[in-house]
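S.K.: Dropping in upload-v1.txt, with compact mmCIF, C-alpha atoms.
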```txt
# COMPACT_ATOMS: atom_id res chain seq x y z
CA MET A 970 6.33 1.56 8.78
CA SER A 971 9.67 2.33 7.15
CA LYS A 972 11.50 0.64 10.00
CA VAL A 973 9.35 -2.48 9.57
CA VAL A 974 10.05 -2.66 5.83
CA LEU A 975 13.79 -2.20 6.30
CA PHE A 976 13.90 -4.63 9.24
CA LEU A 977 12.16 -7.30 7.15
CA TYR A 978 14.47 -6.58 4.22
CA HIS A 979 17.65 -6.81 6.34
CA PHE A 980 16.36 -10.03 7.91
CA ALA A 981 15.65 -11.52 4.46
CA TYR A 982 19.05 -10.31 3.22
CA ARG A 983 20.86 -12.08 6.07
CA LEU A 984 18.93 -15.28 5.31
CA TYR A 985 19.77 -14.88 1.60
CA LEU A 986 23.48 -14.51 2.40
CA SER A 987 23.35 -17.63 4.57
CA GLY A 988 22.16 -19.66 1.58
CA LEU A 989 18.49 -20.15 2.34
CA PRO A 990 16.68 -19.95 -1.00
CA PHE A 991 12.95 -19.83 -0.28
CA LEU A 992 12.33 -17.90 2.95
CA PRO A 993 14.03 -14.63 1.85
CA GLN A 994 11.96 -14.59 -1.35
CA LEU A 995 8.80 -15.21 0.68
CA ILE A 996 9.62 -12.29 2.99
CA CYS A 997 10.28 -10.01 0.00
CA ALA A 998 7.00 -11.08 -1.59
CA PHE A 999 5.20 -10.28 1.68
CA VAL A 1000 6.80 -6.80 1.76
CA ARG A 1001 5.78 -6.22 -1.87
CA VAL A 1002 2.15 -7.19 -1.29
CA VAL A 1003 1.64 -5.56 2.10
CA PHE A 1004 3.76 -2.40 1.69
CA SER A 1005 3.84 -1.98 -2.14
CA CYS A 1006 7.62 -1.80 -1.96
CA LYS A 1007 10.08 -3.86 -4.02
CA ILE A 1008 13.63 -4.16 -2.75
CA GLY A 1009 15.68 -6.73 -4.65
CA LEU A 1010 17.60 -9.20 -2.52
CA GLY A 1011 21.21 -8.11 -2.61
CA ALA A 1012 20.68 -4.35 -2.37
CA GLN A 1013 23.00 -2.83 0.21
CA ILE A 1014 21.13 -0.30 2.34
CA GLY A 1015 23.04 1.71 4.95
CA LYS A 1016 22.01 2.25 8.55
CA GLY A 1017 19.68 5.10 9.29
CA THR A 1018 18.10 5.09 5.83
CA VAL A 1019 14.40 5.96 5.83
CA LEU A 1020 11.73 5.10 3.26
CA GLY A 1021 8.89 7.62 3.16
CA TYR A 1022 5.45 6.25 4.09
CA GLY A 1023 6.79 2.74 4.55
CA GLY A 1024 8.36 2.64 1.11
CA LEU A 1025 5.10 3.00 -0.79
CA GLY A 1026 5.87 2.54 -4.49
CA VAL A 1027 9.64 2.33 -4.01
CA VAL A 1028 11.57 0.01 -6.37
CA ILE A 1029 15.22 -0.76 -5.63
CA HIS A 1030 17.35 -2.95 -7.94
CA HIS A 1031 19.12 -5.88 -6.27
CA ARG A 1032 22.62 -4.46 -6.92
CA VAL A 1033 22.01 -0.88 -5.76
CA VAL A 1034 24.22 0.47 -2.97
CA ILE A 1035 22.65 3.09 -0.67
CA GLY A 1036 24.74 4.93 1.93
CA GLU A 1037 23.84 5.71 5.51
CA ASN A 1038 21.18 8.15 6.73
CA CYS A 1039 19.47 8.57 3.37
CA ASN A 1040 15.87 9.67 2.97
CA ILE A 1041 13.99 8.07 0.07
CA GLY A 1042 10.54 9.37 -0.81
CA THR A 1043 7.55 7.47 -2.17
CA GLY A 1044 7.47 6.29 -5.76
CA VAL A 1045 11.26 6.37 -6.17
CA THR A 1046 12.94 3.98 -8.61
CA LEU A 1047 16.62 3.07 -8.28
CA GLY A 1048 17.35 0.73 -11.15
CA GLY A 1049 19.36 -0.38 -14.10
CA THR A 1050 18.70 -0.47 -17.80
CA ASN A 1051 18.39 -3.42 -20.14
CA LYS A 1052 21.64 -2.60 -21.94
CA ILE A 1053 23.91 -1.54 -19.06
CA GLU A 1054 24.72 -3.81 -16.15
CA GLN A 1055 25.75 -1.15 -13.60
CA VAL A 1056 23.16 0.36 -11.28
CA PRO A 1057 22.98 3.50 -9.11
CA MET A 1058 25.18 4.11 -6.10
CA ILE A 1059 23.85 6.56 -3.53
CA GLY A 1060 26.13 8.41 -1.10
CA ASN A 1061 25.57 9.10 2.59
CA ASN A 1062 23.07 11.68 3.92
CA THR A 1063 21.32 11.96 0.56
CA GLN A 1064 17.70 12.94 0.07
CA ILE A 1065 15.84 11.47 -2.90
CA SER A 1066 12.46 13.16 -3.19
CA THR A 1067 9.12 11.65 -4.15
CA GLY A 1068 8.83 10.21 -7.64
CA ALA A 1069 12.51 10.52 -8.57
CA LYS A 1070 13.94 7.99 -11.01
CA ILE A 1071 17.66 7.21 -10.90
CA ILE A 1072 18.53 4.91 -13.77
CA GLY A 1073 21.73 3.20 -14.91
CA PRO A 1074 25.37 3.57 -13.83
CA VAL A 1075 24.81 6.78 -11.86
CA THR A 1076 26.53 7.93 -8.68
CA ILE A 1077 24.70 10.35 -6.39
CA GLY A 1078 27.23 12.09 -4.15
CA SER A 1079 26.96 12.37 -0.39
CA ASN A 1080 24.92 15.20 1.12
CA SER A 1081 23.00 15.75 -2.12
CA VAL A 1082 19.32 16.31 -2.89
CA VAL A 1083 17.42 14.91 -5.86
CA GLY A 1084 14.21 16.86 -6.47
CA ALA A 1085 10.71 15.46 -6.81
CA ASN A 1086 10.05 13.61 -10.07
CA ALA A 1087 13.61 14.20 -11.32
CA VAL A 1088 15.02 11.69 -13.80
CA VAL A 1089 18.72 11.25 -13.08
CA LEU A 1090 20.80 9.80 -15.91
CA THR A 1091 24.23 11.30 -15.06
CA ASP A 1092 26.36 11.54 -11.93
CA ILE A 1093 25.52 14.13 -9.27
CA PRO A 1094 28.53 15.40 -7.24
CA ASP A 1095 28.62 15.74 -3.45
CA ASN A 1096 26.68 18.61 -1.86
CA SER A 1097 24.47 19.34 -4.88
CA VAL A 1098 20.80 19.78 -5.74
CA ALA A 1099 19.54 18.22 -8.98
CA VAL A 1100 16.05 18.67 -10.47
CA GLY A 1101 14.23 18.24 -13.76
CA ILE A 1102 13.87 15.82 -16.63
CA PRO A 1103 16.63 15.00 -17.30
CA ALA A 1104 18.04 16.15 -13.97
CA LYS A 1105 20.39 19.11 -13.96
CA ILE A 1106 22.43 20.48 -11.08
CA ILE A 1107 20.92 23.78 -9.96
CA LYS A 1108 22.97 24.36 -6.83
CA SER A 1109 26.34 23.18 -5.49
CA ASN A 1110 28.10 23.33 -2.14
CA ILE A 1111 24.83 23.06 -0.21
CA ASN A 1112 24.15 22.23 3.40
CA VAL A 1113 21.81 19.24 3.08
CA ASP A 1114 20.22 20.00 6.48
CA GLU A 1115 18.55 23.05 4.88
CA TYR A 1116 16.57 20.71 2.61
CA LYS A 1117 15.18 18.36 5.26
```
For the file at hand, write its structure as structure tokens.

M.R.:
Amino acid sequence: MSKVVLFLYHFAYRLYLSGLPFLPQLICAFVRVVFSCKIGLGAQIGKGTVLGYGGLGVVIHHRVVIGENCNIGTGVTLGGTNKIEQVPMIGNNTQISTGAKIIGPVTIGSNSVVGANAVVLTDIPDNSVAVGIPAKIIKSNINVDEYK
């Protein structure tokens, strides 16, 4: 299912970049209704990224940048705030667990793990584990493969 959602998104994104106004929005609306997943047109999603359970409940802002080979759980929100224009940037090989919320101008480093239901409001360095509300780094210099 995740591959279908991301295929449809990348197809809509290519149409959007080519200047077609209506069809990309129709595809995104289809994905939202059928898969309960909202990915804003313009989000840059790296190759190998996986959305858990077909992206169920995932919301991704249209300016978010996601690296390659990331794993995004269900119910994850990657978004901005009303007062700040910048949005999250996610590094490569990052795992964002179910229910996590990453809000505002936050950078999640490569090879990092964001725990379930964490609320990330500050940057997370490479090779770290962050959990809690608000998220705090509990471990650094990790091997991300141990957390998959």

S.K.: Skip Ser971 (chain A) itself and residues of its chain fewer than 3 positions away, then list as a PyMOL selection string all residues within 7 Å of it, counting only C-alpha atoms.

M.R.: chain A and resi 974-975+1019-1024

S.K.: The selected residues should be written to file as a short mmCIF file (atom, residue, chain, number, x, y, z; two decimals), keeping the file's coordinate frame (atoms: C-alpha atoms).

M.R.:
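Output file selection.cif is given in full below:
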```
data_model
loop_
_atom_site.label_atom_id
_atom_site.label_comp_id
_atom_site.auth_asym_id
_atom_site.auth_seq_id
_atom_site.Cartn_x
_atom_site.Cartn_y
_atom_site.Cartn_z
CA VAL A 974 10.05 -2.66 5.83
CA LEU A 975 13.79 -2.20 6.30
CA VAL A 1019 14.40 5.96 5.83
CA LEU A 1020 11.73 5.10 3.26
CA GLY A 1021 8.89 7.62 3.16
CA TYR A 1022 5.45 6.25 4.09
CA GLY A 1023 6.79 2.74 4.55
CA GLY A 1024 8.36 2.64 1.11
#
```

S.K.: I'd like the contact shell of region 1029-1041 of chain A - 7 Å cut-off, only C-alpha atoms, skipping same-chain residues fewer than 5 positions apart - returned as a ChimeraX atom specification.

M.R.: /A:1007-1021,1046-1049,1056-1066

S.K.: Determine, counting all atoms listed in the file, which protein, DNA and RNA residues have an atom within 6 Å of an atom of Val1100 (chain A); residues of the same chain fewer than 5 positions away are not included. Present the result as a PyMOL selection string.

M.R.: chain A and resi 1084+1087+1105

S.K.: Quick check, in Å to one decimal: how far apart do CA of Arg1001 (chain A) and CA of Val1089 (chain A) lie?

M.R.: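 Distance between the two atoms: 24.5 Å.
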
S.K.: For Val1098 (chain A), which residue out of A:Asn1080, A:Gly1073, A:Asn1086, A:Gln1055 is the nearest one, using all atoms listed in the file?

M.R.: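 Among the listed residues, the smallest separation from Val1098 (chain A) belongs to A:Asn1080.
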
S.K.: As an exercise, work out the distance from CA of Ile1107 (chain A) to CA of Val1082 (chain A) in Å and give it to one decimal place.

M.R.: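 Taking CA of Ile1107 (chain A) as the start and CA of Val1082 (chain A) as the end point, the length is 10.4 Å.
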
S.K.: Counting only C-alpha atoms, which of A:Ile1106, A:Ala1069, A:Leu989, A:Ala981 gets nearest to Asp1092 (chain A)?

M.R.: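 The shortest atom-to-atom distance to Asp1092 (chain A) comes from A:Ile1106.
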
S.K.: For a quick check of your reading of the model, name the residues lying within 6 Å of the coordinate (8.7, 4.0, -3.3), counting only C-alpha atoms, and write them as a list in words.

M.R.: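 Taken together, the residues in range are Gly1024, Leu1025, Gly1026, Val1027, Val1028, Thr1043, Gly1044 and Val1045 of chain A.
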
S.K.: Take the selection from the previous step and output its residues with C-alpha atoms, as a PDB file, in the frame of the given file.

M.R.:
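Dumped to part13.pdb:
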```
ATOM      1  CA  GLY A1024       8.360   2.640   1.110  1.00  0.00           C
ATOM      2  CA  LEU A1025       5.100   3.000  -0.790  1.00  0.00           C
ATOM      3  CA  GLY A1026       5.870   2.540  -4.490  1.00  0.00           C
ATOM      4  CA  VAL A1027       9.640   2.330  -4.010  1.00  0.00           C
ATOM      5  CA  VAL A1028      11.570   0.010  -6.370  1.00  0.00           C
ATOM      6  CA  THR A1043       7.550   7.470  -2.170  1.00  0.00           C
ATOM      7  CA  GLY A1044       7.470   6.290  -5.760  1.00  0.00           C
ATOM      8  CA  VAL A1045      11.260   6.370  -6.170  1.00  0.00           C
TER       9      VAL A1045
END
```

S.K.: When you draw a straight line from CA of Ala1085 (chain A) to CA of Cys997 (chain A), how long is it in Å?

M.R.: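 Between CA of Ala1085 (chain A) and CA of Cys997 (chain A) the gap works out to 26.4 Å.
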
S.K.: Which is closest to Ile1102 (chain A) among A:Leu986, A:Ile996, A:Ile1077, A:Ile1071, if we use only C-alpha atoms?

M.R.: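 Distance minimum relative to Ile1102 (chain A) lands on A:Ile1071.
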
S.K.: Env of Leu995 (chain A): 12 Å cut, atoms = all atoms listed in the file, seq-sep filter 2 positions within chain, self excluded. Answer as a list in words.

M.R.: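 With the cut-off at 12 Å, the set is Leu977, Tyr978, Phe980, Ala981, Tyr982, Leu984, Tyr985, Leu989, Pro990, Phe991, Leu992, Pro993, Cys997, Ala998, Phe999, Val1000, Arg1001, Val1002 and Leu1010 of chain A.
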
S.K.: Which residue, A:Glu1115, A:Ile1072, A:Phe976, A:Arg983, has the smallest gap to Pro1103 (chain A) when you use only C-alpha atoms?

M.R.: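 Result for the nearest residue to Pro1103 (chain A): A:Ile1072.
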
S.K.: Which polymer residues have any atom within 7 Å of an atom of Ser1097 (chain A), counting only C-alpha atoms, with same-chain residues fewer than 6 positions away left out, as an mmCIF file with C-alpha atoms, keeping the file's coordinate frame?

M.R.:
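What landed in result35.cif:
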```cif
data_model
loop_
_atom_site.group_PDB
_atom_site.id
_atom_site.type_symbol
_atom_site.label_atom_id
_atom_site.label_comp_id
_atom_site.auth_asym_id
_atom_site.auth_seq_id
_atom_site.Cartn_x
_atom_site.Cartn_y
_atom_site.Cartn_z
ATOM 1 C CA SER A 1081 23.000 15.750 -2.120
ATOM 2 C CA VAL A 1082 19.320 16.310 -2.890
ATOM 3 C CA ILE A 1106 22.430 20.480 -11.080
ATOM 4 C CA LYS A 1108 22.970 24.360 -6.830
ATOM 5 C CA SER A 1109 26.340 23.180 -5.490
ATOM 6 C CA ASN A 1110 28.100 23.330 -2.140
ATOM 7 C CA ILE A 1111 24.830 23.060 -0.210
#
```

S.K.: With the input short on atoms, add N, CA and C atoms back to region 1044-1062 of chain A and write it as a short mmCIF file (atom, residue, chain, number, x, y, z; two decimals), in the frame of the given file.

M.R.:
```
data_model
loop_
_atom_site.label_atom_id
_atom_site.label_comp_id
_atom_site.auth_asym_id
_atom_site.auth_seq_id
_atom_site.Cartn_x
_atom_site.Cartn_y
_atom_site.Cartn_z
N GLY A 1044 7.45 6.37 -4.32
CA GLY A 1044 7.47 6.29 -5.76
C GLY A 1044 8.83 6.44 -6.40
N VAL A 1045 9.89 6.23 -5.65
CA VAL A 1045 11.26 6.37 -6.17
C VAL A 1045 11.69 5.05 -6.81
N THR A 1046 12.36 5.15 -7.96
CA THR A 1046 12.94 3.98 -8.61
C THR A 1046 14.44 4.14 -8.69
N LEU A 1047 15.16 3.14 -8.18
CA LEU A 1047 16.62 3.07 -8.28
C LEU A 1047 16.91 1.80 -9.05
N GLY A 1048 17.22 1.93 -10.34
CA GLY A 1048 17.35 0.73 -11.15
C GLY A 1048 18.33 0.83 -12.28
N GLY A 1049 18.46 -0.28 -12.96
CA GLY A 1049 19.36 -0.38 -14.10
C GLY A 1049 18.60 -0.23 -15.40
N THR A 1050 19.32 -0.47 -16.48
CA THR A 1050 18.70 -0.47 -17.80
C THR A 1050 18.93 -1.84 -18.42
N ASN A 1051 18.24 -2.12 -19.49
CA ASN A 1051 18.39 -3.42 -20.14
C ASN A 1051 19.77 -3.59 -20.76
N LYS A 1052 20.39 -2.51 -21.19
CA LYS A 1052 21.64 -2.60 -21.94
C LYS A 1052 22.89 -2.42 -21.09
N ILE A 1053 22.75 -1.83 -19.90
CA ILE A 1053 23.91 -1.54 -19.06
C ILE A 1053 23.75 -2.27 -17.74
N GLU A 1054 24.81 -2.97 -17.34
CA GLU A 1054 24.72 -3.81 -16.15
C GLU A 1054 24.84 -3.04 -14.84
N GLN A 1055 25.55 -1.90 -14.84
CA GLN A 1055 25.75 -1.15 -13.60
C GLN A 1055 24.44 -0.48 -13.17
N VAL A 1056 24.36 -0.26 -11.87
CA VAL A 1056 23.16 0.36 -11.28
C VAL A 1056 23.59 1.53 -10.40
N PRO A 1057 22.64 2.33 -9.92
CA PRO A 1057 22.98 3.50 -9.11
C PRO A 1057 23.70 3.18 -7.81
N MET A 1058 24.54 4.12 -7.40
CA MET A 1058 25.18 4.11 -6.10
C MET A 1058 24.85 5.44 -5.45
N ILE A 1059 24.32 5.37 -4.24
CA ILE A 1059 23.85 6.56 -3.53
C ILE A 1059 24.76 6.81 -2.34
N GLY A 1060 25.25 8.04 -2.21
CA GLY A 1060 26.13 8.41 -1.10
C GLY A 1060 25.39 8.57 0.22
N ASN A 1061 26.13 8.90 1.25
CA ASN A 1061 25.57 9.10 2.59
C ASN A 1061 24.80 10.41 2.69
N ASN A 1062 23.82 10.46 3.59
CA ASN A 1062 23.07 11.68 3.92
C ASN A 1062 22.41 12.30 2.69
#
```
